[in-house]
>>> print(open('my_file-v3.txt').read())   # compact mmCIF, C-alpha atoms and all ligand atoms
# COMPACT_ATOMS: atom_id res chain seq x y z
CA LEU A 1022 73.90 -45.80 -116.70
CA LYS A 1023 76.05 -43.01 -118.12
CA LYS A 1024 73.31 -42.16 -120.56
CA ALA A 1025 70.77 -42.01 -117.75
CA ASN A 1026 73.02 -39.63 -115.82
CA GLN A 1027 73.45 -37.43 -118.86
CA GLU A 1028 69.73 -37.25 -119.39
CA GLU A 1029 69.25 -36.43 -115.71
CA SER A 1030 71.73 -33.61 -115.84
CA ARG A 1031 70.21 -32.25 -119.07
CA GLN A 1032 66.80 -32.31 -117.39
CA HIS A 1033 68.26 -30.51 -114.37
CA ASN A 1034 69.82 -27.84 -116.60
CA ARG A 1035 66.61 -27.37 -118.56
CA ARG A 1036 64.65 -26.80 -115.36
CA LEU A 1037 67.31 -24.42 -114.04
CA VAL A 1038 67.18 -22.32 -117.21
CA LEU A 1039 63.38 -22.27 -117.31
CA ASN A 1040 63.16 -21.26 -113.64
CA THR A 1041 65.66 -18.48 -114.23
CA ILE A 1042 63.68 -17.08 -117.16
CA TYR A 1043 60.34 -17.51 -115.36
CA ASN A 1044 61.52 -15.80 -112.17
CA SER A 1045 63.37 -12.99 -113.95
CA GLY A 1046 60.44 -11.91 -116.08
CA GLU A 1047 62.76 -10.91 -118.95
CA ILE A 1048 66.40 -11.91 -119.22
CA SER A 1049 69.15 -12.31 -121.85
CA ARG A 1050 71.05 -15.51 -122.63
CA VAL A 1051 74.25 -13.99 -121.23
CA ASP A 1052 72.57 -13.21 -117.93
CA ILE A 1053 71.04 -16.70 -117.76
CA ALA A 1054 74.54 -18.15 -118.14
CA ARG A 1055 75.86 -15.84 -115.41
CA HIS A 1056 72.95 -16.72 -113.14
CA THR A 1057 73.03 -20.49 -113.62
CA GLN A 1058 76.81 -20.94 -114.03
CA LEU A 1059 76.11 -22.92 -117.21
CA THR A 1060 78.16 -22.29 -120.34
CA ARG A 1061 76.73 -19.91 -122.94
CA THR A 1062 76.61 -22.78 -125.44
CA THR A 1063 74.53 -24.96 -123.11
CA VAL A 1064 72.20 -22.04 -122.36
CA SER A 1065 71.77 -21.27 -126.07
CA GLU A 1066 70.97 -24.90 -126.87
CA ILE A 1067 68.39 -25.19 -124.10
CA VAL A 1068 66.83 -21.83 -124.96
CA SER A 1069 66.47 -22.93 -128.62
CA GLU A 1070 64.59 -26.04 -127.49
CA PHE A 1071 62.21 -23.91 -125.42
CA ILE A 1072 61.69 -21.45 -128.26
CA ASP A 1073 60.94 -24.34 -130.66
CA ALA A 1074 58.45 -25.72 -128.15
CA GLY A 1075 56.81 -22.29 -127.92
CA LEU A 1076 57.43 -22.03 -124.16
CA VAL A 1077 59.92 -19.17 -124.39
CA ALA A 1078 59.80 -16.17 -126.71
CA GLU A 1079 62.25 -13.44 -127.71
CA VAL A 1080 60.74 -10.12 -126.70
CA GLY A 1081 63.15 -7.42 -127.81
CA LEU A 1082 66.56 -5.98 -126.98
CA ALA A 1083 68.10 -5.23 -123.60
CA PRO A 1084 69.42 -1.68 -123.07
CA SER A 1085 72.96 -1.69 -124.48
CA ARG A 1086 75.86 -1.88 -122.03
CA GLY A 1087 78.22 -0.92 -124.83
CA GLY A 1088 78.56 -3.34 -127.71
CA LYS A 1089 75.81 -5.33 -129.34
CA PRO A 1090 72.58 -5.28 -127.27
CA ALA A 1091 71.40 -8.70 -126.07
CA THR A 1092 68.04 -10.22 -126.96
CA LEU A 1093 65.65 -10.58 -124.04
CA LEU A 1094 63.71 -13.77 -123.43
CA LYS A 1095 60.54 -14.46 -121.47
CA VAL A 1096 58.31 -17.41 -120.72
CA ASP A 1097 55.16 -17.22 -122.84
CA GLU A 1098 52.65 -17.51 -120.03
CA ASN A 1099 49.87 -18.56 -122.37
CA ALA A 1100 51.83 -21.29 -124.17
CA ARG A 1101 50.57 -24.04 -121.86
CA LEU A 1102 47.58 -24.53 -119.58
CA MET A 1103 47.04 -26.50 -116.41
CA ILE A 1104 43.70 -27.91 -115.28
CA GLY A 1105 43.13 -27.17 -111.58
CA VAL A 1106 40.24 -28.87 -109.80
CA ASP A 1107 38.73 -28.24 -106.36
CA LEU A 1108 36.48 -31.07 -105.16
CA ALA A 1109 34.63 -28.90 -102.67
CA GLU A 1110 31.66 -29.97 -100.62
CA LYS A 1111 28.77 -28.43 -102.56
CA GLU A 1112 30.33 -28.25 -105.99
CA PHE A 1113 33.25 -29.43 -108.05
CA CYS A 1114 35.06 -26.49 -109.64
CA GLY A 1115 37.67 -26.65 -112.34
CA ALA A 1116 39.64 -24.05 -114.23
CA LEU A 1117 42.11 -23.72 -117.04
CA VAL A 1118 45.03 -21.81 -115.58
CA ASN A 1119 47.92 -20.23 -117.46
CA LEU A 1120 51.57 -20.42 -116.41
CA ARG A 1121 51.30 -17.28 -114.25
CA GLY A 1122 48.21 -18.44 -112.40
CA ALA A 1123 45.62 -16.50 -114.40
CA ILE A 1124 42.31 -18.31 -114.73
CA VAL A 1125 41.39 -18.53 -118.40
CA GLU A 1126 38.18 -20.57 -118.12
CA ARG A 1127 36.22 -21.73 -115.12
CA LEU A 1128 33.44 -24.24 -114.65
CA CYS A 1129 31.56 -25.56 -111.61
CA LEU A 1130 29.25 -28.56 -111.35
CA SER A 1131 26.93 -28.75 -108.38
CA ILE A 1132 27.12 -31.85 -106.24
CA GLU A 1133 24.22 -33.33 -104.39
CA ASN A 1134 23.95 -36.67 -102.65
CA GLU A 1135 26.47 -38.26 -104.98
CA ASN A 1136 27.58 -41.80 -104.29
CA ALA A 1137 31.16 -42.82 -104.88
CA GLU A 1138 30.52 -43.72 -108.50
CA THR A 1139 28.47 -40.70 -109.57
CA ALA A 1140 30.94 -38.39 -107.82
CA LEU A 1141 33.68 -39.91 -109.97
CA GLU A 1142 31.53 -39.46 -113.09
CA ARG A 1143 31.17 -35.77 -112.19
CA VAL A 1144 34.96 -35.40 -112.00
CA TYR A 1145 35.30 -37.02 -115.44
CA ALA A 1146 32.64 -34.70 -116.87
CA LEU A 1147 34.33 -31.63 -115.42
CA VAL A 1148 37.76 -32.52 -116.81
CA GLU A 1149 36.25 -33.43 -120.19
CA GLN A 1150 34.58 -30.04 -120.46
CA MET A 1151 37.77 -28.24 -119.43
CA LEU A 1152 39.70 -30.07 -122.16
CA VAL A 1153 37.15 -29.00 -124.77
CA LEU A 1154 37.68 -25.37 -123.74
CA ALA A 1155 41.49 -25.56 -123.81
CA ASP A 1156 43.00 -23.72 -126.80
CA GLN A 1157 46.61 -24.53 -125.85
CA PRO A 1158 48.35 -27.78 -124.87
CA VAL A 1159 47.43 -28.92 -121.35
CA LEU A 1160 50.37 -29.84 -119.10
CA GLY A 1161 48.34 -31.97 -116.75
CA ILE A 1162 45.50 -32.23 -114.27
CA GLY A 1163 45.89 -31.12 -110.64
CA ILE A 1164 43.29 -31.98 -108.02
CA GLY A 1165 42.74 -30.85 -104.45
CA VAL A 1166 40.80 -33.55 -102.60
CA PRO A 1167 39.27 -33.01 -99.16
CA GLY A 1168 40.51 -36.05 -97.32
CA LEU A 1169 43.49 -38.29 -96.83
CA MET A 1170 45.53 -38.79 -99.97
CA ASP A 1171 48.66 -40.51 -101.04
CA PRO A 1172 50.16 -37.95 -103.45
CA ALA A 1173 52.88 -40.37 -104.61
CA THR A 1174 50.41 -42.96 -105.95
CA GLY A 1175 47.36 -40.76 -106.54
CA TYR A 1176 45.31 -42.90 -104.16
CA VAL A 1177 42.49 -41.28 -102.22
CA ARG A 1178 42.58 -43.17 -98.95
CA GLN A 1179 39.50 -41.51 -97.57
CA ALA A 1180 37.25 -38.66 -98.70
CA VAL A 1181 34.27 -38.86 -96.39
CA HIS A 1182 31.80 -36.57 -98.15
CA LEU A 1183 32.38 -38.35 -101.49
CA ASN A 1184 32.29 -41.86 -100.02
CA TRP A 1185 35.66 -42.58 -101.54
CA HIS A 1186 37.83 -45.18 -99.85
CA ASP A 1187 41.08 -46.40 -101.41
CA LEU A 1188 40.16 -44.99 -104.79
CA PRO A 1189 43.01 -44.93 -107.36
CA LEU A 1190 41.83 -41.54 -108.64
CA GLY A 1191 45.19 -40.60 -110.17
CA ASP A 1192 45.39 -43.78 -112.27
CA LEU A 1193 41.76 -43.60 -113.33
CA LEU A 1194 42.12 -40.03 -114.59
CA HIS A 1195 45.43 -40.75 -116.23
CA GLN A 1196 44.04 -43.76 -118.11
CA ARG A 1197 41.03 -41.82 -119.26
CA PHE A 1198 42.69 -38.59 -120.37
CA GLN A 1199 46.30 -39.67 -121.08
CA LEU A 1200 47.61 -36.65 -119.18
CA PRO A 1201 49.81 -36.39 -116.09
CA VAL A 1202 47.68 -36.22 -112.93
CA HIS A 1203 48.79 -34.78 -109.58
CA LEU A 1204 46.68 -34.91 -106.45
CA ALA A 1205 47.00 -33.76 -102.88
CA ASN A 1206 44.83 -32.87 -99.93
CA ASP A 1207 42.93 -29.61 -100.55
CA CYS A 1208 44.50 -27.72 -97.63
CA GLN A 1209 47.99 -28.79 -98.64
CA VAL A 1210 47.27 -27.72 -102.19
CA ALA A 1211 45.95 -24.37 -100.91
CA ALA A 1212 49.28 -23.73 -99.16
CA LEU A 1213 51.20 -24.44 -102.36
CA GLY A 1214 48.83 -22.16 -104.28
CA GLU A 1215 49.35 -19.25 -101.91
CA TYR A 1216 53.09 -19.80 -102.06
CA THR A 1217 53.22 -20.06 -105.85
CA PHE A 1218 50.62 -17.57 -107.06
CA GLY A 1219 49.68 -15.55 -103.97
CA ALA A 1220 51.51 -12.89 -102.02
CA GLU A 1221 53.74 -15.39 -100.20
CA THR A 1222 56.38 -16.18 -102.83
CA ALA A 1223 59.09 -14.59 -100.69
CA ASN A 1224 58.26 -16.77 -97.70
CA ARG A 1225 60.00 -20.09 -98.29
CA ASN A 1226 58.40 -21.40 -95.09
CA LEU A 1227 54.69 -21.03 -94.67
CA ILE A 1228 51.65 -22.51 -92.95
CA VAL A 1229 48.25 -21.95 -94.53
CA ILE A 1230 45.23 -22.77 -92.40
CA LYS A 1231 42.11 -23.18 -94.50
CA ILE A 1232 38.77 -22.79 -92.77
CA GLY A 1233 35.61 -23.82 -94.57
CA ARG A 1234 33.01 -26.35 -93.56
CA GLY A 1235 36.01 -28.11 -92.08
CA LEU A 1236 39.48 -26.99 -91.15
CA GLY A 1237 42.96 -28.09 -92.13
CA ALA A 1238 46.44 -26.77 -92.77
CA GLY A 1239 49.10 -27.06 -95.42
CA ILE A 1240 52.79 -26.61 -94.72
CA VAL A 1241 55.42 -25.33 -97.16
CA LEU A 1242 59.01 -25.89 -96.04
CA SER A 1243 61.91 -24.43 -98.02
CA GLY A 1244 59.58 -23.84 -100.93
CA GLN A 1245 58.35 -27.47 -100.98
CA LEU A 1246 55.00 -28.79 -99.89
CA PHE A 1247 55.56 -30.92 -96.79
CA TYR A 1248 53.32 -34.00 -96.81
CA GLY A 1249 54.56 -35.86 -93.74
CA ASP A 1250 55.30 -39.59 -93.56
CA ASN A 1251 51.70 -40.61 -94.28
CA ALA A 1252 50.74 -37.51 -96.24
CA GLY A 1253 48.67 -36.28 -93.30
CA ALA A 1254 50.78 -33.22 -92.37
CA GLY A 1255 48.51 -30.35 -91.42
CA GLU A 1256 45.44 -32.41 -90.44
CA ILE A 1257 44.88 -30.15 -87.45
CA GLY A 1258 41.11 -30.04 -87.87
CA HIS A 1259 40.77 -33.41 -86.17
CA VAL A 1260 42.87 -32.72 -83.13
CA GLN A 1261 40.65 -33.24 -80.13
CA ILE A 1262 40.10 -30.04 -78.17
CA ILE A 1263 37.17 -31.08 -75.94
CA GLU A 1264 37.17 -34.66 -74.69
CA ASP A 1265 33.40 -35.21 -74.69
CA GLY A 1266 32.62 -32.47 -77.20
CA GLU A 1267 30.34 -32.44 -80.23
CA PRO A 1268 30.54 -35.49 -82.49
CA CYS A 1269 32.75 -34.89 -85.52
CA ARG A 1270 32.32 -36.33 -89.02
CA CYS A 1271 35.61 -38.18 -88.57
CA GLY A 1272 34.00 -40.35 -85.87
CA ASN A 1273 35.67 -38.72 -82.86
CA GLN A 1274 34.34 -36.03 -80.58
CA GLY A 1275 35.29 -32.43 -79.88
CA CYS A 1276 37.70 -31.99 -82.81
CA LEU A 1277 38.99 -28.50 -83.61
CA GLU A 1278 36.74 -28.31 -86.66
CA THR A 1279 33.64 -28.87 -84.50
CA LEU A 1280 34.61 -25.55 -82.84
CA VAL A 1281 36.20 -23.58 -85.67
CA SER A 1282 34.57 -23.86 -89.12
CA SER A 1283 31.78 -22.09 -90.94
CA THR A 1284 29.45 -24.97 -89.97
CA ALA A 1285 30.36 -24.70 -86.27
CA LEU A 1286 29.98 -20.94 -86.30
CA LEU A 1287 26.51 -21.05 -87.85
CA GLN A 1288 25.41 -23.80 -85.45
CA LYS A 1289 26.45 -21.72 -82.48
CA ALA A 1290 24.82 -18.63 -83.96
CA HIS A 1291 21.61 -20.63 -84.32
CA LEU A 1292 21.67 -21.55 -80.63
CA ILE A 1293 21.99 -17.90 -79.59
CA ALA A 1294 19.64 -16.40 -82.17
CA PRO A 1295 17.53 -19.05 -83.95
CA GLY A 1296 16.92 -18.17 -87.59
CA GLU A 1297 18.78 -14.87 -87.54
CA PHE A 1298 21.97 -16.13 -89.17
CA PRO A 1299 20.81 -18.71 -91.74
CA ASP A 1300 24.01 -18.52 -93.75
CA LEU A 1301 27.52 -17.13 -93.71
CA ILE A 1302 26.58 -14.06 -95.75
CA ARG A 1303 24.06 -12.96 -93.12
CA PHE A 1304 26.51 -13.72 -90.36
CA THR A 1305 29.20 -11.65 -92.05
CA GLN A 1306 26.83 -8.73 -92.56
CA ALA A 1307 25.92 -8.82 -88.87
CA TYR A 1308 29.57 -9.05 -87.91
CA GLN A 1309 30.51 -6.13 -90.12
CA ALA A 1310 27.63 -4.08 -88.72
CA GLY A 1311 29.09 -4.69 -85.26
CA ASP A 1312 26.39 -7.07 -83.95
CA PRO A 1313 27.89 -8.01 -80.55
CA ARG A 1314 26.68 -11.63 -80.83
CA ALA A 1315 28.47 -12.15 -84.13
CA VAL A 1316 31.56 -10.32 -82.89
CA SER A 1317 31.76 -12.46 -79.78
CA LEU A 1318 31.23 -15.76 -81.67
CA LEU A 1319 33.99 -14.88 -84.07
CA GLU A 1320 36.30 -13.84 -81.26
CA GLU A 1321 35.66 -17.17 -79.56
CA ALA A 1322 36.50 -19.05 -82.78
CA GLY A 1323 39.67 -16.98 -83.16
CA ASN A 1324 40.69 -17.72 -79.59
CA THR A 1325 40.21 -21.47 -80.05
CA LEU A 1326 42.11 -21.45 -83.33
CA GLY A 1327 44.84 -19.34 -81.75
CA ARG A 1328 45.24 -21.90 -78.96
CA ALA A 1329 45.79 -24.58 -81.63
CA ILE A 1330 48.17 -22.38 -83.62
CA ILE A 1331 50.52 -21.87 -80.67
CA HIS A 1332 51.41 -25.56 -80.89
CA LEU A 1333 52.28 -25.18 -84.57
CA VAL A 1334 54.36 -22.09 -83.85
CA SER A 1335 56.25 -23.90 -81.10
CA ALA A 1336 56.73 -27.16 -82.97
CA LEU A 1337 57.78 -25.69 -86.32
CA ASN A 1338 58.88 -22.11 -85.58
CA LEU A 1339 57.72 -20.84 -88.97
CA ASN A 1340 57.40 -17.06 -89.07
CA ARG A 1341 54.52 -16.85 -91.47
CA ILE A 1342 51.01 -18.17 -90.90
CA VAL A 1343 48.21 -17.42 -93.34
CA ILE A 1344 44.49 -17.89 -92.79
CA ALA A 1345 42.45 -18.86 -95.86
CA GLY A 1346 38.87 -19.89 -96.54
CA ASN A 1347 35.43 -18.49 -96.04
CA LEU A 1348 35.87 -16.93 -92.60
CA THR A 1349 38.41 -14.48 -94.02
CA CYS A 1350 35.41 -12.26 -94.78
CA CYS A 1351 35.59 -11.45 -91.05
CA GLY A 1352 39.35 -11.70 -91.21
CA GLU A 1353 40.53 -8.76 -89.15
CA GLY A 1354 38.56 -9.82 -86.07
CA LEU A 1355 39.72 -13.40 -86.44
CA LEU A 1356 43.34 -12.30 -86.79
CA ALA A 1357 43.18 -10.08 -83.71
CA SER A 1358 42.04 -12.99 -81.51
CA ILE A 1359 44.60 -15.40 -82.97
CA GLN A 1360 47.40 -12.87 -82.55
CA ARG A 1361 46.46 -12.32 -78.92
CA GLN A 1362 46.63 -16.05 -78.21
CA VAL A 1363 49.99 -16.36 -79.92
CA GLN A 1364 51.38 -13.35 -78.02
CA ASN A 1365 50.36 -14.90 -74.72
CA GLY A 1366 50.89 -18.53 -75.56
CA VAL A 1367 54.44 -19.04 -76.84
CA LEU A 1368 57.91 -17.82 -75.92
CA PRO A 1369 57.93 -14.04 -76.38
CA ALA A 1370 60.89 -14.20 -78.75
CA LEU A 1371 59.02 -16.64 -81.04
CA ALA A 1372 55.73 -14.73 -80.79
CA GLN A 1373 57.38 -11.46 -81.84
CA GLN A 1374 58.64 -12.94 -85.07
CA THR A 1375 55.44 -14.76 -85.99
CA GLU A 1376 53.35 -12.92 -88.55
CA ILE A 1377 49.76 -13.97 -89.07
CA GLY A 1378 47.94 -12.73 -92.14
CA LEU A 1379 45.15 -13.46 -94.59
CA ALA A 1380 45.41 -15.37 -97.87
CA THR A 1381 45.12 -13.40 -101.10
CA LEU A 1382 43.74 -16.02 -103.51
CA GLY A 1383 40.16 -16.06 -102.16
CA ASP A 1384 37.82 -18.79 -103.35
CA ASP A 1385 40.27 -19.86 -106.08
CA ILE A 1386 42.97 -20.94 -103.66
CA VAL A 1387 42.48 -24.72 -104.15
CA ILE A 1388 42.05 -24.48 -107.93
CA LEU A 1389 45.23 -22.42 -108.24
CA GLY A 1390 47.04 -24.67 -105.79
CA ALA A 1391 46.09 -27.73 -107.81
CA ALA A 1392 47.34 -26.01 -110.97
CA SER A 1393 50.61 -25.09 -109.25
CA LEU A 1394 51.09 -28.76 -108.35
CA VAL A 1395 51.09 -29.52 -112.09
CA LEU A 1396 53.39 -26.57 -112.84
CA LYS A 1397 55.86 -27.81 -110.25
CA HIS A 1398 55.88 -31.43 -111.34
CA GLU A 1399 55.69 -30.99 -115.10
CA LEU A 1400 57.93 -27.96 -115.68
CA GLY A 1401 59.88 -28.00 -112.43
CA LEU A 1402 58.98 -24.39 -111.78
CA PHE A 1403 59.52 -23.04 -108.23
ZN ZN B 1501 37.21 -34.91 -86.36
>>> encode(input="my_file-v3.txt", output="structure tokens", more="lines below")
Ligand SMILES: [Zn+2]
Amino acid sequence: LKKANQEESRQHNRRLVLNTIYNSGEISRVDIARHTQLTRTTVSEIVSEFIDAGLVAEVGLAPSRGGKPATLLKVDENARLMIGVDLAEKEFCGALVNLRGAIVERLCLSIENENAETALERVYALVEQMLVLADQPVLGIGIGVPGLMDPATGYVRQAVHLNWHDLPLGDLLHQRFQLPVHLANDCQVAALGEYTFGAETANRNLIVIKIGRGLGAGIVLSGQLFYGDNAGAGEIGHVQIIEDGEPCRCGNQGCLETLVSSTALLQKAHLIAPGEFPDLIRFTQAYQAGDPRAVSLLEEAGNTLGRAIIHLVSALNLNRIVIAGNLTCCGEGLLASIQRQVQNGVLPALAQQTEIGLATLGDDIVILGAASLVLKHELGLF
């Protein structure tokens, strides 16, 4: 037992030192000791291990404060790679990502009418090809899955568009590739990505709402992804808004995502102007050119989403809400409607402090989020 405790505390110290170096950019051993309250001997030992492993490098001398100048250390961001995978609706995309969230290689496989088995084969093929491209050790595989997941066991409980039900995806990938595998819902992963590699690092509490063909949210609390008791935290896309509304792919009717999603927007546009807005690109162009039909459809979507967001603001009182996904191309208009709803819909004191903004990671948000899941679990960073 004592040995186990010692190993635990060594592991804790290692993670503390690595986080300190990673978050400082460049730092000396003396300053690490000051920062972490560890002894200089312990810090030196741990740093030597990291240098031997190639994770940390000496990068020169600190400006002298009188006396012998200290050697500066930094994390070698290219010493390890993570594989981040986004199992999106039309294609599976994977990337090799370095320790600072830079995409080194990227690959997408198109997906059409896959059954459960062929979809799984496509995931294997994608990971295999990523591994061939990797020129540094790979820390693990991170996957953002659209659906209900159990992140602790790596089970996909349900991913409708892939026909996966109770699939032990984590185990299957681990057995095949002998690498650590970490999975979570794609919207949850997106929130972690924005927190880790986006512009939100300073916001320890954060909600990211991802709008695509569907809609969902991810919640970061005190710098940790919040899964909820059944890993379904943030599943706001299937909250019923209209009792006898449009049928939803979840089996219910009138869910939020039947009103706010790229699919819903294009369907409504088709009703108003058949054939004029065949895809999101055309819709965006019309919106940006000030087409009143596009402007009003987007405003309506923003209003509906804003009405849903006021419940999140009231229940959680998080100051920062970020909108991600493919409607951010019309982001300013969307934000204006949401902000109006929040101003009018919650206690003025809460509304004043709530900031709503747009995500910075663009189409890579799930890939980078999946990679950050690996970074967090394997190196304990963030
Ligand atoms: Zn639904």
>>> closest_residue(input="my_file-v3.txt", among="A:Ile1359, A:Leu1280, A:Val1316, A:Ala1322", to="ligand ZN 1501 (chain B)", atoms="only C-alpha atoms and all ligand atoms")
A:Leu1280
>>> closest_residue(input="my_file-v3.txt", among="A:Leu1120, A:Val1064, A:Ile1072, A:Ala1083", to="Gly1401 in chain A", atoms="all atoms listed in the file")
A:Leu1120
>>> residues_near_point(input="my_file-v3.txt", point="(47.5, -39.8, -106.2)", cutoff="10 Å", atoms="all atoms listed in the file", output="short mmCIF file (atom, residue, chain, number, x, y, z; two decimals) with C-alpha atoms, in the coordinates of the input")
data_model
loop_
_atom_site.label_atom_id
_atom_site.label_comp_id
_atom_site.auth_asym_id
_atom_site.auth_seq_id
_atom_site.Cartn_x
_atom_site.Cartn_y
_atom_site.Cartn_z
CA GLY A 1163 45.89 -31.12 -110.64
CA ILE A 1164 43.29 -31.98 -108.02
CA VAL A 1166 40.80 -33.55 -102.60
CA MET A 1170 45.53 -38.79 -99.97
CA ASP A 1171 48.66 -40.51 -101.04
CA PRO A 1172 50.16 -37.95 -103.45
CA ALA A 1173 52.88 -40.37 -104.61
CA THR A 1174 50.41 -42.96 -105.95
CA GLY A 1175 47.36 -40.76 -106.54
CA TYR A 1176 45.31 -42.90 -104.16
CA VAL A 1177 42.49 -41.28 -102.22
CA ARG A 1178 42.58 -43.17 -98.95
CA LEU A 1188 40.16 -44.99 -104.79
CA PRO A 1189 43.01 -44.93 -107.36
CA LEU A 1190 41.83 -41.54 -108.64
CA GLY A 1191 45.19 -40.60 -110.17
CA ASP A 1192 45.39 -43.78 -112.27
CA LEU A 1193 41.76 -43.60 -113.33
CA LEU A 1194 42.12 -40.03 -114.59
CA VAL A 1202 47.68 -36.22 -112.93
CA HIS A 1203 48.79 -34.78 -109.58
CA LEU A 1204 46.68 -34.91 -106.45
CA ALA A 1205 47.00 -33.76 -102.88
CA ASN A 1206 44.83 -32.87 -99.93
#
>>> residues_near_ligand(input="my_file-v3.txt", ligand="ligand ZN 1501 (chain B)", cutoff="10 Å", atoms="all atoms listed in the file", output="list in words")
Gly1235, Leu1236, Glu1256, Ile1257, Gly1258, His1259, Val1260, Gln1261, Ile1262, Glu1267, Pro1268, Cys1269, Arg1270, Cys1271, Gly1272, Asn1273, Gln1274, Gly1275, Cys1276, Leu1277, Glu1278 and Thr1279 of chain A
>>> closest_atom_pairs(input="my_file-v3.txt", of="range 1144-1222 of chain A", to="range 1382-1391 of chain A", cutoff="9 Å", atoms="all atoms listed in the file", output="CSV")
residue,atom,partner,partner_atom,distance
A:Ile1162,CA,A:Ala1391,CA,7.9
A:Gly1163,CA,A:Ala1391,CA,4.4
A:Ile1164,CA,A:Ala1391,CA,5.1
A:Gly1165,CA,A:Ala1391,CA,5.7
A:His1203,CA,A:Ala1391,CA,7.8
A:Leu1204,CA,A:Ala1391,CA,7.3
A:Ala1205,CA,A:Ala1391,CA,7.8
A:Asp1207,CA,A:Val1387,CA,6.1
A:Cys1208,CA,A:Val1387,CA,7.5
A:Gln1209,CA,A:Gly1390,CA,8.3
A:Val1210,CA,A:Gly1390,CA,4.7
A:Ala1211,CA,A:Val1387,CA,4.8
A:Ala1212,CA,A:Gly1390,CA,7.1
A:Leu1213,CA,A:Gly1390,CA,5.4
A:Gly1214,CA,A:Gly1390,CA,3.4
A:Glu1215,CA,A:Leu1382,CA,6.7
A:Tyr1216,CA,A:Gly1390,CA,8.6
A:Thr1217,CA,A:Gly1390,CA,7.7
A:Phe1218,CA,A:Leu1389,CA,7.3
A:Gly1219,CA,A:Leu1382,CA,6.0
A:Ala1220,CA,A:Leu1382,CA,8.5
>>> decode(input="my_file-v3.txt", residues="range 1218-1231 of chain A", atoms="N, CA and C atoms", output="PDB file, in the first residue's frame")
ATOM      1  N   PHE A1218      -7.381  24.439 -26.537  1.00  0.00           N
ATOM      2  CA  PHE A1218      -6.586  24.985 -27.645  1.00  0.00           C
ATOM      3  C   PHE A1218      -7.184  26.246 -28.257  1.00  0.00           C
ATOM      4  N   GLY A1219      -8.363  26.655 -27.835  1.00  0.00           N
ATOM      5  CA  GLY A1219      -8.986  27.833 -28.432  1.00  0.00           C
ATOM      6  C   GLY A1219      -8.663  29.085 -27.647  1.00  0.00           C
ATOM      7  N   ALA A1220      -9.566  30.047 -27.700  1.00  0.00           N
ATOM      8  CA  ALA A1220      -9.312  31.332 -27.049  1.00  0.00           C
ATOM      9  C   ALA A1220      -9.885  31.361 -25.638  1.00  0.00           C
ATOM     10  N   GLU A1221     -10.309  30.191 -25.121  1.00  0.00           N
ATOM     11  CA  GLU A1221     -11.076  30.184 -23.874  1.00  0.00           C
ATOM     12  C   GLU A1221     -10.292  29.681 -22.670  1.00  0.00           C
ATOM     13  N   THR A1222      -8.973  29.539 -22.814  1.00  0.00           N
ATOM     14  CA  THR A1222      -8.180  28.935 -21.749  1.00  0.00           C
ATOM     15  C   THR A1222      -8.373  29.638 -20.402  1.00  0.00           C
ATOM     16  N   ALA A1223      -8.619  30.942 -20.454  1.00  0.00           N
ATOM     17  CA  ALA A1223      -8.752  31.699 -19.203  1.00  0.00           C
ATOM     18  C   ALA A1223     -10.105  31.469 -18.534  1.00  0.00           C
ATOM     19  N   ASN A1224     -11.068  30.940 -19.283  1.00  0.00           N
ATOM     20  CA  ASN A1224     -12.395  30.737 -18.713  1.00  0.00           C
ATOM     21  C   ASN A1224     -12.524  29.322 -18.183  1.00  0.00           C
ATOM     22  N   ARG A1225     -12.380  29.165 -16.887  1.00  0.00           N
ATOM     23  CA  ARG A1225     -12.413  27.827 -16.280  1.00  0.00           C
ATOM     24  C   ARG A1225     -13.800  27.218 -16.373  1.00  0.00           C
ATOM     25  N   ASN A1226     -14.821  28.059 -16.515  1.00  0.00           N
ATOM     26  CA  ASN A1226     -16.190  27.591 -16.714  1.00  0.00           C
ATOM     27  C   ASN A1226     -16.663  28.038 -18.096  1.00  0.00           C
ATOM     28  N   LEU A1227     -17.292  27.118 -18.790  1.00  0.00           N
ATOM     29  CA  LEU A1227     -17.569  27.409 -20.196  1.00  0.00           C
ATOM     30  C   LEU A1227     -18.664  26.484 -20.719  1.00  0.00           C
ATOM     31  N   ILE A1228     -19.573  27.044 -21.523  1.00  0.00           N
ATOM     32  CA  ILE A1228     -20.515  26.184 -22.255  1.00  0.00           C
ATOM     33  C   ILE A1228     -20.267  26.401 -23.739  1.00  0.00           C
ATOM     34  N   VAL A1229     -20.066  25.344 -24.483  1.00  0.00           N
ATOM     35  CA  VAL A1229     -19.950  25.459 -25.926  1.00  0.00           C
ATOM     36  C   VAL A1229     -21.171  24.793 -26.554  1.00  0.00           C
ATOM     37  N   ILE A1230     -21.880  25.553 -27.377  1.00  0.00           N
ATOM     38  CA  ILE A1230     -23.043  24.992 -28.066  1.00  0.00           C
ATOM     39  C   ILE A1230     -22.651  24.787 -29.525  1.00  0.00           C
ATOM     40  N   LYS A1231     -22.690  23.542 -29.961  1.00  0.00           N
ATOM     41  CA  LYS A1231     -22.245  23.230 -31.317  1.00  0.00           C
ATOM     42  C   LYS A1231     -23.463  22.986 -32.202  1.00  0.00           C
TER      43      LYS A1231
END
